[in-house]
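Structure file start-v1.json (JSON, C-alpha atoms) follows.
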```json
[["chain", "number", "residue", "atom", "x", "y", "z"],
["A", 1, "MET", "CA", -31.66, 32.20, -65.66],
["A", 2, "GLY", "CA", -30.31, 28.72, -64.87],
["A", 3, "LYS", "CA", -28.06, 27.06, -62.35],
["A", 4, "ASN", "CA", -24.81, 28.29, -63.89],
["A", 5, "ALA", "CA", -25.79, 31.92, -64.25],
["A", 6, "PRO", "CA", -23.17, 34.31, -62.88],
["A", 7, "ALA", "CA", -23.97, 36.00, -59.60],
["A", 8, "GLU", "CA", -25.18, 39.56, -59.82],
["A", 9, "GLN", "CA", -24.61, 41.84, -56.89],
["A", 10, "MET", "CA", -25.79, 45.21, -55.68],
["A", 11, "ILE", "CA", -24.60, 47.09, -52.59],
["A", 12, "LEU", "CA", -26.65, 49.67, -50.71],
["A", 13, "ASN", "CA", -24.96, 51.84, -48.11],
["A", 14, "ILE", "CA", -27.66, 53.46, -46.01],
["A", 15, "PRO", "CA", -27.65, 55.84, -43.02],
["A", 16, "SER", "CA", -28.86, 54.65, -39.60],
["A", 17, "ASP", "CA", -32.33, 56.03, -40.13],
["A", 18, "LEU", "CA", -35.53, 54.02, -40.51],
["A", 19, "LYS", "CA", -36.77, 56.27, -43.31],
["A", 20, "TYR", "CA", -34.32, 54.56, -45.67],
["A", 21, "LEU", "CA", -36.07, 51.20, -45.24],
["A", 22, "GLY", "CA", -38.49, 52.18, -48.00],
["A", 23, "ALA", "CA", -35.61, 52.47, -50.45],
["A", 24, "VAL", "CA", -34.32, 49.02, -49.45],
["A", 25, "ASP", "CA", -37.81, 47.58, -49.88],
["A", 26, "ALA", "CA", -38.20, 49.15, -53.32],
["A", 27, "ALA", "CA", -34.80, 47.84, -54.43],
["A", 28, "ILE", "CA", -35.37, 44.28, -53.32],
["A", 29, "GLN", "CA", -38.94, 44.16, -54.64],
["A", 30, "ASP", "CA", -37.81, 45.33, -58.06],
["A", 31, "LEU", "CA", -34.74, 43.10, -58.26],
["A", 32, "ALA", "CA", -36.49, 39.99, -57.01],
["A", 33, "ARG", "CA", -39.17, 40.51, -59.66],
["A", 34, "GLU", "CA", -36.45, 40.96, -62.30],
["A", 35, "PHE", "CA", -34.91, 37.65, -61.23],
["A", 36, "LEU", "CA", -38.29, 35.91, -61.50],
["A", 37, "PHE", "CA", -39.02, 35.32, -57.84],
["A", 38, "SER", "CA", -42.68, 34.53, -57.26],
["A", 39, "SER", "CA", -44.80, 37.27, -55.69],
["A", 40, "ASP", "CA", -44.99, 35.34, -52.41],
["A", 41, "ASP", "CA", -41.23, 34.88, -52.34],
["A", 42, "ILE", "CA", -40.69, 38.56, -53.10],
["A", 43, "ASN", "CA", -42.78, 39.53, -50.10],
["A", 44, "ASP", "CA", -40.99, 36.98, -47.91],
["A", 45, "VAL", "CA", -37.54, 38.16, -48.95],
["A", 46, "SER", "CA", -38.44, 41.79, -48.51],
["A", 47, "THR", "CA", -40.04, 41.27, -45.10],
["A", 48, "ALA", "CA", -36.96, 39.43, -43.80],
["A", 49, "LEU", "CA", -34.56, 41.99, -45.27],
["A", 50, "ILE", "CA", -36.50, 44.93, -43.82],
["A", 51, "GLU", "CA", -36.38, 43.25, -40.43],
["A", 52, "ALA", "CA", -32.62, 42.72, -40.66],
["A", 53, "CYS", "CA", -32.06, 46.34, -41.68],
["A", 54, "SER", "CA", -34.37, 47.60, -38.91],
["A", 55, "ASN", "CA", -32.36, 45.67, -36.34],
["A", 56, "ALA", "CA", -29.08, 46.95, -37.74],
["A", 57, "ILE", "CA", -30.27, 50.56, -37.55],
["A", 58, "GLU", "CA", -32.05, 50.37, -34.21],
["A", 59, "HIS", "CA", -30.13, 47.79, -32.16],
["A", 60, "GLY", "CA", -26.79, 47.69, -33.98],
["A", 61, "ASN", "CA", -26.01, 51.28, -34.81],
["A", 62, "ARG", "CA", -28.53, 52.73, -32.32],
["A", 63, "PHE", "CA", -29.52, 55.39, -34.85],
["A", 64, "ALA", "CA", -26.01, 56.92, -34.70],
["A", 65, "PRO", "CA", -25.75, 59.42, -37.57],
["A", 66, "ASP", "CA", -22.07, 58.61, -38.13],
["A", 67, "LYS", "CA", -22.71, 54.88, -38.60],
["A", 68, "ARG", "CA", -23.89, 53.15, -41.76],
["A", 69, "VAL", "CA", -25.60, 49.91, -42.69],
["A", 70, "LEU", "CA", -24.18, 48.02, -45.62],
["A", 71, "VAL", "CA", -26.70, 45.89, -47.52],
["A", 72, "THR", "CA", -25.31, 43.47, -50.12],
["A", 73, "LEU", "CA", -27.82, 41.75, -52.37],
["A", 74, "VAL", "CA", -26.62, 38.78, -54.43],
["A", 75, "PHE", "CA", -28.66, 36.88, -56.99],
["A", 76, "ASN", "CA", -27.09, 33.83, -58.62],
["A", 77, "GLY", "CA", -30.05, 32.46, -60.53],
["A", 78, "MET", "CA", -31.02, 29.85, -57.97],
["A", 79, "ASN", "CA", -30.64, 31.71, -54.73],
["A", 80, "PHE", "CA", -30.88, 35.15, -53.31],
["A", 81, "THR", "CA", -28.52, 36.15, -50.51],
["A", 82, "ALA", "CA", -28.66, 39.36, -48.52],
["A", 83, "ARG", "CA", -25.93, 40.43, -46.13],
["A", 84, "VAL", "CA", -26.74, 43.23, -43.72],
["A", 85, "LYS", "CA", -23.80, 44.61, -41.80],
["A", 86, "ASP", "CA", -23.91, 47.24, -39.09],
["A", 87, "GLN", "CA", -21.19, 49.05, -37.10],
["A", 88, "GLY", "CA", -22.50, 48.27, -33.65],
["A", 89, "VAL", "CA", -21.20, 46.21, -30.75],
["A", 90, "GLY", "CA", -23.48, 43.26, -31.48],
["A", 91, "PHE", "CA", -25.50, 41.05, -29.17],
["A", 92, "ASP", "CA", -25.58, 37.45, -27.97],
["A", 93, "PHE", "CA", -27.09, 36.07, -31.16],
["A", 94, "GLU", "CA", -26.47, 32.43, -30.19],
["A", 95, "LYS", "CA", -28.64, 32.87, -27.11],
["A", 96, "ALA", "CA", -31.26, 34.75, -29.12],
["A", 97, "LEU", "CA", -31.35, 32.02, -31.78],
["A", 98, "ARG", "CA", -31.81, 29.35, -29.09],
["A", 99, "GLU", "CA", -34.70, 31.21, -27.47],
["A", 100, "ASN", "CA", -36.36, 32.45, -30.69],
["A", 101, "LEU", "CA", -39.81, 33.15, -29.19],
["A", 102, "PRO", "CA", -40.40, 35.85, -26.57],
["A", 103, "THR", "CA", -41.38, 34.18, -23.29],
["A", 104, "ASP", "CA", -44.12, 36.75, -22.68],
["A", 105, "PRO", "CA", -46.72, 36.75, -25.48],
["A", 106, "MET", "CA", -47.47, 40.41, -24.65],
["A", 107, "SER", "CA", -43.83, 41.40, -24.95],
["A", 108, "GLU", "CA", -43.32, 44.35, -27.27],
["A", 109, "ARG", "CA", -39.92, 42.98, -28.31],
["A", 110, "GLY", "CA", -38.27, 39.77, -29.43],
["A", 111, "ARG", "CA", -40.00, 38.87, -32.69],
["A", 112, "GLY", "CA", -37.36, 40.01, -35.16],
["A", 113, "LEU", "CA", -35.50, 36.71, -35.33],
["A", 114, "MET", "CA", -38.79, 34.86, -35.65],
["A", 115, "ILE", "CA", -39.69, 36.96, -38.69],
["A", 116, "MET", "CA", -36.28, 36.59, -40.36],
["A", 117, "ARG", "CA", -36.26, 32.86, -39.76],
["A", 118, "ALA", "CA", -39.83, 32.31, -40.96],
["A", 119, "PHE", "CA", -39.45, 34.16, -44.25],
["A", 120, "THR", "CA", -36.08, 32.79, -45.39],
["A", 121, "ASP", "CA", -34.43, 29.44, -46.00],
["A", 122, "GLY", "CA", -31.25, 30.32, -44.11],
["A", 123, "LEU", "CA", -30.20, 32.76, -41.42],
["A", 124, "THR", "CA", -26.69, 33.19, -40.02],
["A", 125, "PHE", "CA", -24.95, 35.77, -37.83],
["A", 126, "SER", "CA", -21.27, 36.59, -37.67],
["A", 127, "TYR", "CA", -18.97, 39.36, -36.53],
["A", 128, "ALA", "CA", -16.79, 40.92, -39.18],
["A", 129, "ASP", "CA", -14.71, 44.12, -39.32],
["A", 130, "GLY", "CA", -16.21, 45.72, -36.23],
["A", 131, "GLY", "CA", -19.86, 44.97, -36.77],
["A", 132, "LEU", "CA", -22.52, 42.31, -36.81],
["A", 133, "GLN", "CA", -23.39, 40.74, -40.14],
["A", 134, "VAL", "CA", -26.67, 38.97, -40.76],
["A", 135, "GLU", "CA", -26.92, 36.75, -43.82],
["A", 136, "LEU", "CA", -30.30, 35.78, -45.20],
["A", 137, "THR", "CA", -30.77, 33.28, -48.00],
["A", 138, "LYS", "CA", -33.83, 32.44, -50.05],
["A", 139, "ARG", "CA", -34.08, 29.72, -52.66],
["A", 140, "ARG", "CA", -35.95, 30.72, -55.78],
["A", 141, "VAL", "CA", -39.08, 28.73, -56.54],
["A", 142, "ALA", "CA", -41.14, 29.64, -59.58],
["A", 143, "ASP", "CA", -44.89, 30.22, -59.35],
["A", 144, "GLY", "CA", -46.49, 26.81, -59.22],
["A", 145, "GLY", "CA", -43.84, 25.47, -56.87],
["A", 146, "SER", "CA", -41.35, 24.01, -59.33],
["A", 147, "ASP", "CA", -37.62, 24.62, -59.07],
["A", 148, "PRO", "CA", -36.74, 26.89, -62.02],
["A", 149, "SER", "CA", -33.35, 25.22, -62.55],
["A", 150, "GLU", "CA", -34.87, 21.82, -63.29],
["B", 1, "MET", "CA", -46.44, 57.27, -40.58],
["B", 2, "LYS", "CA", -49.56, 59.43, -40.60],
["B", 3, "VAL", "CA", -52.49, 58.67, -38.32],
["B", 4, "THR", "CA", -55.97, 60.14, -38.52],
["B", 5, "GLN", "CA", -58.80, 59.17, -36.22],
["B", 6, "ARG", "CA", -62.56, 59.12, -36.61],
["B", 7, "GLU", "CA", -65.41, 57.86, -34.47],
["B", 8, "VAL", "CA", -67.71, 55.18, -35.88],
["B", 9, "GLY", "CA", -70.42, 54.08, -33.48],
["B", 10, "SER", "CA", -68.82, 53.11, -30.19],
["B", 11, "ALA", "CA", -65.40, 52.70, -31.77],
["B", 12, "VAL", "CA", -62.52, 54.89, -32.83],
["B", 13, "VAL", "CA", -60.99, 54.01, -36.17],
["B", 14, "LEU", "CA", -57.31, 54.89, -36.58],
["B", 15, "ASP", "CA", -56.43, 55.20, -40.27],
["B", 16, "LEU", "CA", -52.72, 54.57, -40.65],
["B", 17, "ASN", "CA", -50.82, 55.63, -43.73],
["B", 18, "GLY", "CA", -47.20, 54.65, -44.36],
["B", 19, "LYS", "CA", -44.79, 52.16, -42.83],
["B", 20, "LEU", "CA", -45.09, 51.03, -39.23],
["B", 21, "THR", "CA", -41.46, 50.71, -38.18],
["B", 22, "GLY", "CA", -40.90, 52.18, -34.73],
["B", 23, "GLY", "CA", -38.55, 55.07, -34.04],
["B", 24, "PRO", "CA", -40.54, 58.33, -33.65],
["B", 25, "ASP", "CA", -43.74, 56.42, -34.51],
["B", 26, "ALA", "CA", -43.58, 54.58, -31.18],
["B", 27, "ASP", "CA", -43.78, 57.79, -29.10],
["B", 28, "MET", "CA", -46.49, 59.24, -31.32],
["B", 29, "PHE", "CA", -48.63, 56.10, -30.95],
["B", 30, "ARG", "CA", -48.17, 56.00, -27.18],
["B", 31, "ASP", "CA", -49.47, 59.58, -27.05],
["B", 32, "VAL", "CA", -52.43, 58.73, -29.29],
["B", 33, "PHE", "CA", -53.45, 55.71, -27.21],
["B", 34, "LYS", "CA", -52.96, 57.54, -23.93],
["B", 35, "ALA", "CA", -55.18, 60.39, -25.11],
["B", 36, "LEU", "CA", -57.86, 57.97, -26.32],
["B", 37, "VAL", "CA", -57.91, 56.02, -23.06],
["B", 38, "ASP", "CA", -57.96, 59.26, -21.05],
["B", 39, "GLN", "CA", -61.07, 60.28, -23.02],
["B", 40, "GLY", "CA", -62.71, 56.92, -22.28],
["B", 41, "LYS", "CA", -62.33, 55.77, -25.88],
["B", 42, "LYS", "CA", -61.17, 52.20, -25.53],
["B", 43, "ASN", "CA", -62.60, 50.32, -28.52],
["B", 44, "ILE", "CA", -60.07, 50.82, -31.27],
["B", 45, "VAL", "CA", -60.00, 49.66, -34.88],
["B", 46, "VAL", "CA", -56.59, 50.01, -36.51],
["B", 47, "ASN", "CA", -57.04, 50.38, -40.27],
["B", 48, "LEU", "CA", -53.98, 48.91, -42.00],
["B", 49, "GLU", "CA", -55.23, 49.39, -45.55],
["B", 50, "LYS", "CA", -52.55, 51.98, -46.36],
["B", 51, "VAL", "CA", -49.75, 50.38, -44.37],
["B", 52, "SER", "CA", -47.33, 48.92, -46.86],
["B", 53, "TRP", "CA", -45.35, 46.95, -44.31],
["B", 54, "ILE", "CA", -44.57, 46.52, -40.66],
["B", 55, "ASN", "CA", -41.48, 45.33, -38.81],
["B", 56, "SER", "CA", -41.09, 43.78, -35.34],
["B", 57, "THR", "CA", -40.84, 47.19, -33.67],
["B", 58, "GLY", "CA", -44.06, 48.19, -35.41],
["B", 59, "LEU", "CA", -45.67, 45.05, -34.01],
["B", 60, "GLY", "CA", -44.49, 46.22, -30.59],
["B", 61, "ILE", "CA", -46.33, 49.50, -31.13],
["B", 62, "LEU", "CA", -49.58, 47.63, -31.83],
["B", 63, "ILE", "CA", -49.04, 45.42, -28.76],
["B", 64, "SER", "CA", -48.45, 48.50, -26.62],
["B", 65, "GLY", "CA", -51.73, 50.00, -27.85],
["B", 66, "TYR", "CA", -53.53, 46.71, -27.31],
["B", 67, "THR", "CA", -52.23, 46.51, -23.73],
["B", 68, "SER", "CA", -53.34, 50.10, -22.99],
["B", 69, "VAL", "CA", -56.92, 49.64, -24.16],
["B", 70, "ARG", "CA", -57.30, 46.17, -22.64],
["B", 71, "ARG", "CA", -56.23, 47.54, -19.26],
["B", 72, "ALA", "CA", -58.98, 50.14, -19.65],
["B", 73, "GLY", "CA", -61.53, 47.42, -20.39],
["B", 74, "GLY", "CA", -61.59, 47.86, -24.15],
["B", 75, "ASP", "CA", -60.13, 46.07, -27.14],
["B", 76, "LEU", "CA", -58.05, 46.68, -30.25],
["B", 77, "VAL", "CA", -58.76, 44.98, -33.56],
["B", 78, "VAL", "CA", -57.22, 45.43, -37.00],
["B", 79, "MET", "CA", -58.82, 45.66, -40.43],
["B", 80, "HIS", "CA", -57.77, 45.63, -44.08],
["B", 81, "ALA", "CA", -54.41, 44.00, -43.34],
["B", 82, "SER", "CA", -52.59, 43.05, -46.54],
["B", 83, "GLU", "CA", -51.59, 39.47, -47.21],
["B", 84, "ARG", "CA", -48.03, 40.43, -46.35],
["B", 85, "ILE", "CA", -49.00, 41.84, -42.95],
["B", 86, "GLU", "CA", -51.37, 38.94, -42.23],
["B", 87, "SER", "CA", -48.49, 36.53, -42.80],
["B", 88, "ILE", "CA", -46.30, 38.48, -40.35],
["B", 89, "LEU", "CA", -49.08, 38.37, -37.74],
["B", 90, "TYR", "CA", -49.38, 34.63, -38.37],
["B", 91, "VAL", "CA", -45.70, 33.71, -38.00],
["B", 92, "THR", "CA", -45.39, 35.80, -34.84],
["B", 93, "LYS", "CA", -48.62, 34.27, -33.50],
["B", 94, "LEU", "CA", -50.08, 37.74, -33.03],
["B", 95, "ASN", "CA", -53.07, 36.65, -35.12],
["B", 96, "LEU", "CA", -54.15, 35.03, -31.85],
["B", 97, "LEU", "CA", -54.05, 38.42, -30.13],
["B", 98, "PHE", "CA", -55.42, 40.80, -32.76],
["B", 99, "LYS", "CA", -58.75, 39.96, -34.33],
["B", 100, "SER", "CA", -58.52, 40.84, -37.99],
["B", 101, "TYR", "CA", -61.46, 42.00, -40.11],
["B", 102, "GLU", "CA", -61.91, 42.53, -43.81],
["B", 103, "ASN", "CA", -64.43, 45.33, -43.50],
["B", 104, "GLU", "CA", -65.10, 48.21, -41.17],
["B", 105, "ASP", "CA", -68.68, 47.32, -40.33],
["B", 106, "GLU", "CA", -67.68, 43.92, -38.95],
["B", 107, "ALA", "CA", -64.76, 45.41, -37.06],
["B", 108, "VAL", "CA", -66.93, 48.06, -35.37],
["B", 109, "LYS", "CA", -69.71, 45.60, -34.57],
["B", 110, "SER", "CA", -67.23, 43.23, -32.94],
["B", 111, "PHE", "CA", -67.10, 45.41, -29.82],
["B", 112, "SER", "CA", -70.84, 45.38, -29.16],
["B", 113, "GLN", "CA", -70.96, 41.65, -29.83],
["B", 114, "ALA", "CA", -68.24, 41.22, -27.19],
["B", 115, "GLY", "CA", -70.26, 43.39, -24.78],
["B", 116, "ARG", "CA", -67.67, 46.17, -24.69]]
```

Go through the file and emit its structure as structure tokens.
Amino acid sequence: MGKNAPAEQMILNIPSDLKYLGAVDAAIQDLAREFLFSSDDINDVSTALIEACSNAIEHGNRFAPDKRVLVTLVFNGMNFTARVKDQGVGFDFEKALRENLPTDPMSERGRGLMIMRAFTDGLTFSYADGGLQVELTKRRVADGGSDPSE
Amino acid sequence: MKVTQREVGSAVVLDLNGKLTGGPDADMFRDVFKALVDQGKKNIVVNLEKVSWINSTGLGILISGYTSVRRAGGDLVVMHASERIESILYVTKLNLLFKSYENEDEAVKSFSQAGR
């Protein structure tokens, strides 16, 4: 699949329950393999996406059974983009992005952004339609490190 | 997440099976660690062989357990972490906190070598 390949998209609409993370993981692992992501990149993408979905369920929707998490996966040949949107009230993501690391190394919290940032090539937050949306991007690199579009 | 425990020498090995993601798991793990510390069992090996992945809340569960046993004078180490989990420990710098072993014998011996 080259640079001009049309984008392919899949949308998952999951309940605010952590048990659905396995289904998200299975979907992204399978699709990323289909789109020729390297095994390392597949693990990176999946780890970041699981973290984003965990945050949406736990901190965004606060496990509310009447709230959903919308996961949009887009492959366009070169890049993978995942958008994870919750129905919560959000948080001060600009402050969180500035701080990044928890100040206390023994803190049980505060590593989610670090994980999402480390395993992707792009991470943005925005508010849209009454919820927080996290967008993760990952550039596809074939095994051996070469850009598959070249 | 399923947890079974067994005693090996001076250590307790916790065999985890599933995904370490927080939610109800967090309360269950707190209870497990509290019971172990209450029984004087403070050298813990967490076997991650059958843990497919872990998120930041799951890391918090491990840190909570680590804090409990360290306060009691013990230690918590991990073994059989997959490459995926090792990379998460690395980027969060928790590889500096949790000693990671590739086999059970080394993990169990680590406590006596540390004089615990």

Restrict the distance test to all atoms listed in the file, flag each residue of chain B within 12 Å of chain A, and return the flagged residues as a PyMOL selection string. chain B and resi 1+18-26+51-68+70+82-98

Same residues, C-alpha atoms, saved as a PDB file, in the coordinates of the input:
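Contents of part_39.pdb, as written:
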```pdb
ATOM      1  CA  MET B   1     -46.440  57.270 -40.580  1.00  0.00           C
ATOM      2  CA  GLY B  18     -47.200  54.650 -44.360  1.00  0.00           C
ATOM      3  CA  LYS B  19     -44.790  52.160 -42.830  1.00  0.00           C
ATOM      4  CA  LEU B  20     -45.090  51.030 -39.230  1.00  0.00           C
ATOM      5  CA  THR B  21     -41.460  50.710 -38.180  1.00  0.00           C
ATOM      6  CA  GLY B  22     -40.900  52.180 -34.730  1.00  0.00           C
ATOM      7  CA  GLY B  23     -38.550  55.070 -34.040  1.00  0.00           C
ATOM      8  CA  PRO B  24     -40.540  58.330 -33.650  1.00  0.00           C
ATOM      9  CA  ASP B  25     -43.740  56.420 -34.510  1.00  0.00           C
ATOM     10  CA  ALA B  26     -43.580  54.580 -31.180  1.00  0.00           C
ATOM     11  CA  VAL B  51     -49.750  50.380 -44.370  1.00  0.00           C
ATOM     12  CA  SER B  52     -47.330  48.920 -46.860  1.00  0.00           C
ATOM     13  CA  TRP B  53     -45.350  46.950 -44.310  1.00  0.00           C
ATOM     14  CA  ILE B  54     -44.570  46.520 -40.660  1.00  0.00           C
ATOM     15  CA  ASN B  55     -41.480  45.330 -38.810  1.00  0.00           C
ATOM     16  CA  SER B  56     -41.090  43.780 -35.340  1.00  0.00           C
ATOM     17  CA  THR B  57     -40.840  47.190 -33.670  1.00  0.00           C
ATOM     18  CA  GLY B  58     -44.060  48.190 -35.410  1.00  0.00           C
ATOM     19  CA  LEU B  59     -45.670  45.050 -34.010  1.00  0.00           C
ATOM     20  CA  GLY B  60     -44.490  46.220 -30.590  1.00  0.00           C
ATOM     21  CA  ILE B  61     -46.330  49.500 -31.130  1.00  0.00           C
ATOM     22  CA  LEU B  62     -49.580  47.630 -31.830  1.00  0.00           C
ATOM     23  CA  ILE B  63     -49.040  45.420 -28.760  1.00  0.00           C
ATOM     24  CA  SER B  64     -48.450  48.500 -26.620  1.00  0.00           C
ATOM     25  CA  GLY B  65     -51.730  50.000 -27.850  1.00  0.00           C
ATOM     26  CA  TYR B  66     -53.530  46.710 -27.310  1.00  0.00           C
ATOM     27  CA  THR B  67     -52.230  46.510 -23.730  1.00  0.00           C
ATOM     28  CA  SER B  68     -53.340  50.100 -22.990  1.00  0.00           C
ATOM     29  CA  ARG B  70     -57.300  46.170 -22.640  1.00  0.00           C
ATOM     30  CA  SER B  82     -52.590  43.050 -46.540  1.00  0.00           C
ATOM     31  CA  GLU B  83     -51.590  39.470 -47.210  1.00  0.00           C
ATOM     32  CA  ARG B  84     -48.030  40.430 -46.350  1.00  0.00           C
ATOM     33  CA  ILE B  85     -49.000  41.840 -42.950  1.00  0.00           C
ATOM     34  CA  GLU B  86     -51.370  38.940 -42.230  1.00  0.00           C
ATOM     35  CA  SER B  87     -48.490  36.530 -42.800  1.00  0.00           C
ATOM     36  CA  ILE B  88     -46.300  38.480 -40.350  1.00  0.00           C
ATOM     37  CA  LEU B  89     -49.080  38.370 -37.740  1.00  0.00           C
ATOM     38  CA  TYR B  90     -49.380  34.630 -38.370  1.00  0.00           C
ATOM     39  CA  VAL B  91     -45.700  33.710 -38.000  1.00  0.00           C
ATOM     40  CA  THR B  92     -45.390  35.800 -34.840  1.00  0.00           C
ATOM     41  CA  LYS B  93     -48.620  34.270 -33.500  1.00  0.00           C
ATOM     42  CA  LEU B  94     -50.080  37.740 -33.030  1.00  0.00           C
ATOM     43  CA  ASN B  95     -53.070  36.650 -35.120  1.00  0.00           C
ATOM     44  CA  LEU B  96     -54.150  35.030 -31.850  1.00  0.00           C
ATOM     45  CA  LEU B  97     -54.050  38.420 -30.130  1.00  0.00           C
ATOM     46  CA  PHE B  98     -55.420  40.800 -32.760  1.00  0.00           C
TER      47      PHE B  98
END
```

Report, in Å to a single decimal, how far apart atom CA of A:Ala7 and atom CA of A:Ile28 are.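 Atom-to-atom, atom CA of A:Ile28 and atom CA of A:Ala7 are spaced 15.4 Å apart.
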
Record the distance separating atom CA of B:Val32 and atom CA of B:Glu104, expressed in Å with one decimal.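 Spanning atom CA of B:Val32 to atom CA of B:Glu104 is a straight-line distance of 20.3 Å.
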
Coordinates-based distance that separates atom CA of A:Val84 from atom CA of A:Thr137 (Å, one decimal): 11.6 Å

List the neighbours of B:Leu14 out to 6 Å using all atoms listed in the file; skip same-chain residues closer than 6 positions along the sequence, and give me the result as a list in words.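 Near B:Leu14, the qualifying residues are Thr4, Gln5, Val46 and Asn47 of chain B.
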
Between B:Asn103, B:Leu76, B:Val108, B:Val69, which is the closest to B:Ala35 once you count all atoms listed in the file? B:Val69

Go through A:Thr124, A:Asn79, A:Gln87, A:Asn13 one by one, measure the shortest atom-to-atom distance of each to A:Phe37 using only C-alpha atoms, and give the residue with the smallest value.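 Under the stated criterion, the closest residue is A:Asn79.
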
Hey, which of A:Met10, A:Ala32, A:Met116, A:Val69 ends up closest to A:Gln133? Count only C-alpha atoms.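 Residue with the minimum atom-to-atom distance to A:Gln133: A:Val69.
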
Within 12 Å of A:Arg33, counting all atoms listed in the file, which residues qualify if same-chain residues fewer than 2 places away don't, as a list of chain:residue names?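 Here the qualifying residues turn out to be A:Ala26, A:Ala27, A:Ile28, A:Gln29, A:Asp30, A:Leu31, A:Phe35, A:Leu36, A:Phe37, A:Ser38, A:Ser39, A:Asp40, A:Asp41, A:Ile42, A:Asn43, A:Val45, A:Ser46, A:Phe75, A:Phe80, A:Arg140, A:Ala142, A:Asp143.
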
Considering all atoms listed in the file, return as a PDB file with C-alpha atoms, in the coordinates of the input whatever protein or nucleic-acid residues lie within 9 Å of A:Val134, sequence-local ones (same chain, fewer than 5 positions apart) excluded.
```pdb
ATOM      1  CA  ALA A  52     -32.620  42.720 -40.660  1.00  0.00           C
ATOM      2  CA  ALA A  56     -29.080  46.950 -37.740  1.00  0.00           C
ATOM      3  CA  ALA A  82     -28.660  39.360 -48.520  1.00  0.00           C
ATOM      4  CA  ARG A  83     -25.930  40.430 -46.130  1.00  0.00           C
ATOM      5  CA  VAL A  84     -26.740  43.230 -43.720  1.00  0.00           C
ATOM      6  CA  LYS A  85     -23.800  44.610 -41.800  1.00  0.00           C
ATOM      7  CA  ASP A  86     -23.910  47.240 -39.090  1.00  0.00           C
ATOM      8  CA  LEU A 123     -30.200  32.760 -41.420  1.00  0.00           C
ATOM      9  CA  THR A 124     -26.690  33.190 -40.020  1.00  0.00           C
ATOM     10  CA  PHE A 125     -24.950  35.770 -37.830  1.00  0.00           C
ATOM     11  CA  SER A 126     -21.270  36.590 -37.670  1.00  0.00           C
ATOM     12  CA  TYR A 127     -18.970  39.360 -36.530  1.00  0.00           C
TER      13      TYR A 127
END
```

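Closest approach to A:Leu73 from the set A:Gly130, A:Gln9, A:Glu34, A:Ala23 is made by A:Gln9, with distances taken over all atoms listed in the file.
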
Name the residues in contact with A:Lys67 at a cut-off of 7 Å, using only C-alpha atoms, excluding same-chain residues fewer than 2 positions from it; report them as an mmCIF file with C-alpha atoms, in the coordinates of the input.
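Result went into out.cif, see below:
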```
data_model
loop_
_atom_site.group_PDB
_atom_site.id
_atom_site.type_symbol
_atom_site.label_atom_id
_atom_site.label_comp_id
_atom_site.auth_asym_id
_atom_site.auth_seq_id
_atom_site.Cartn_x
_atom_site.Cartn_y
_atom_site.Cartn_z
ATOM 1 C CA PRO A 15 -27.650 55.840 -43.020
ATOM 2 C CA SER A 16 -28.860 54.650 -39.600
ATOM 3 C CA ASN A 61 -26.010 51.280 -34.810
ATOM 4 C CA ALA A 64 -26.010 56.920 -34.700
ATOM 5 C CA PRO A 65 -25.750 59.420 -37.570
ATOM 6 C CA GLN A 87 -21.190 49.050 -37.100
#
```

How would stretch 11-21 of chain B read, as a short mmCIF file (atom, residue, chain, number, x, y, z; two decimals), keeping the file's coordinate frame, once N, CA and C atoms are built in?
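Dumped everything to result-v8.cif:
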```cif
data_model
loop_
_atom_site.label_atom_id
_atom_site.label_comp_id
_atom_site.auth_asym_id
_atom_site.auth_seq_id
_atom_site.Cartn_x
_atom_site.Cartn_y
_atom_site.Cartn_z
N ALA B 11 -66.84 52.95 -31.55
CA ALA B 11 -65.40 52.70 -31.77
C ALA B 11 -64.68 53.93 -32.32
N VAL B 12 -63.38 53.90 -32.16
CA VAL B 12 -62.52 54.89 -32.83
C VAL B 12 -61.71 54.13 -33.87
N VAL B 13 -61.78 54.62 -35.10
CA VAL B 13 -60.99 54.01 -36.17
C VAL B 13 -59.73 54.86 -36.38
N LEU B 14 -58.58 54.20 -36.29
CA LEU B 14 -57.31 54.89 -36.58
C LEU B 14 -56.88 54.50 -37.99
N ASP B 15 -56.87 55.45 -38.89
CA ASP B 15 -56.43 55.20 -40.27
C ASP B 15 -54.94 55.48 -40.36
N LEU B 16 -54.18 54.44 -40.57
CA LEU B 16 -52.72 54.57 -40.65
C LEU B 16 -52.30 54.68 -42.12
N ASN B 17 -51.29 55.46 -42.36
CA ASN B 17 -50.82 55.63 -43.73
C ASN B 17 -49.29 55.68 -43.72
N GLY B 18 -48.66 54.66 -44.30
CA GLY B 18 -47.20 54.65 -44.36
C GLY B 18 -46.63 53.31 -43.91
N LYS B 19 -45.48 53.37 -43.27
CA LYS B 19 -44.79 52.16 -42.83
C LYS B 19 -44.70 52.18 -41.32
N LEU B 20 -45.08 51.08 -40.69
CA LEU B 20 -45.09 51.03 -39.23
C LEU B 20 -43.78 50.38 -38.77
N THR B 21 -42.81 51.23 -38.39
CA THR B 21 -41.46 50.71 -38.18
C THR B 21 -40.82 51.11 -36.86
#
```
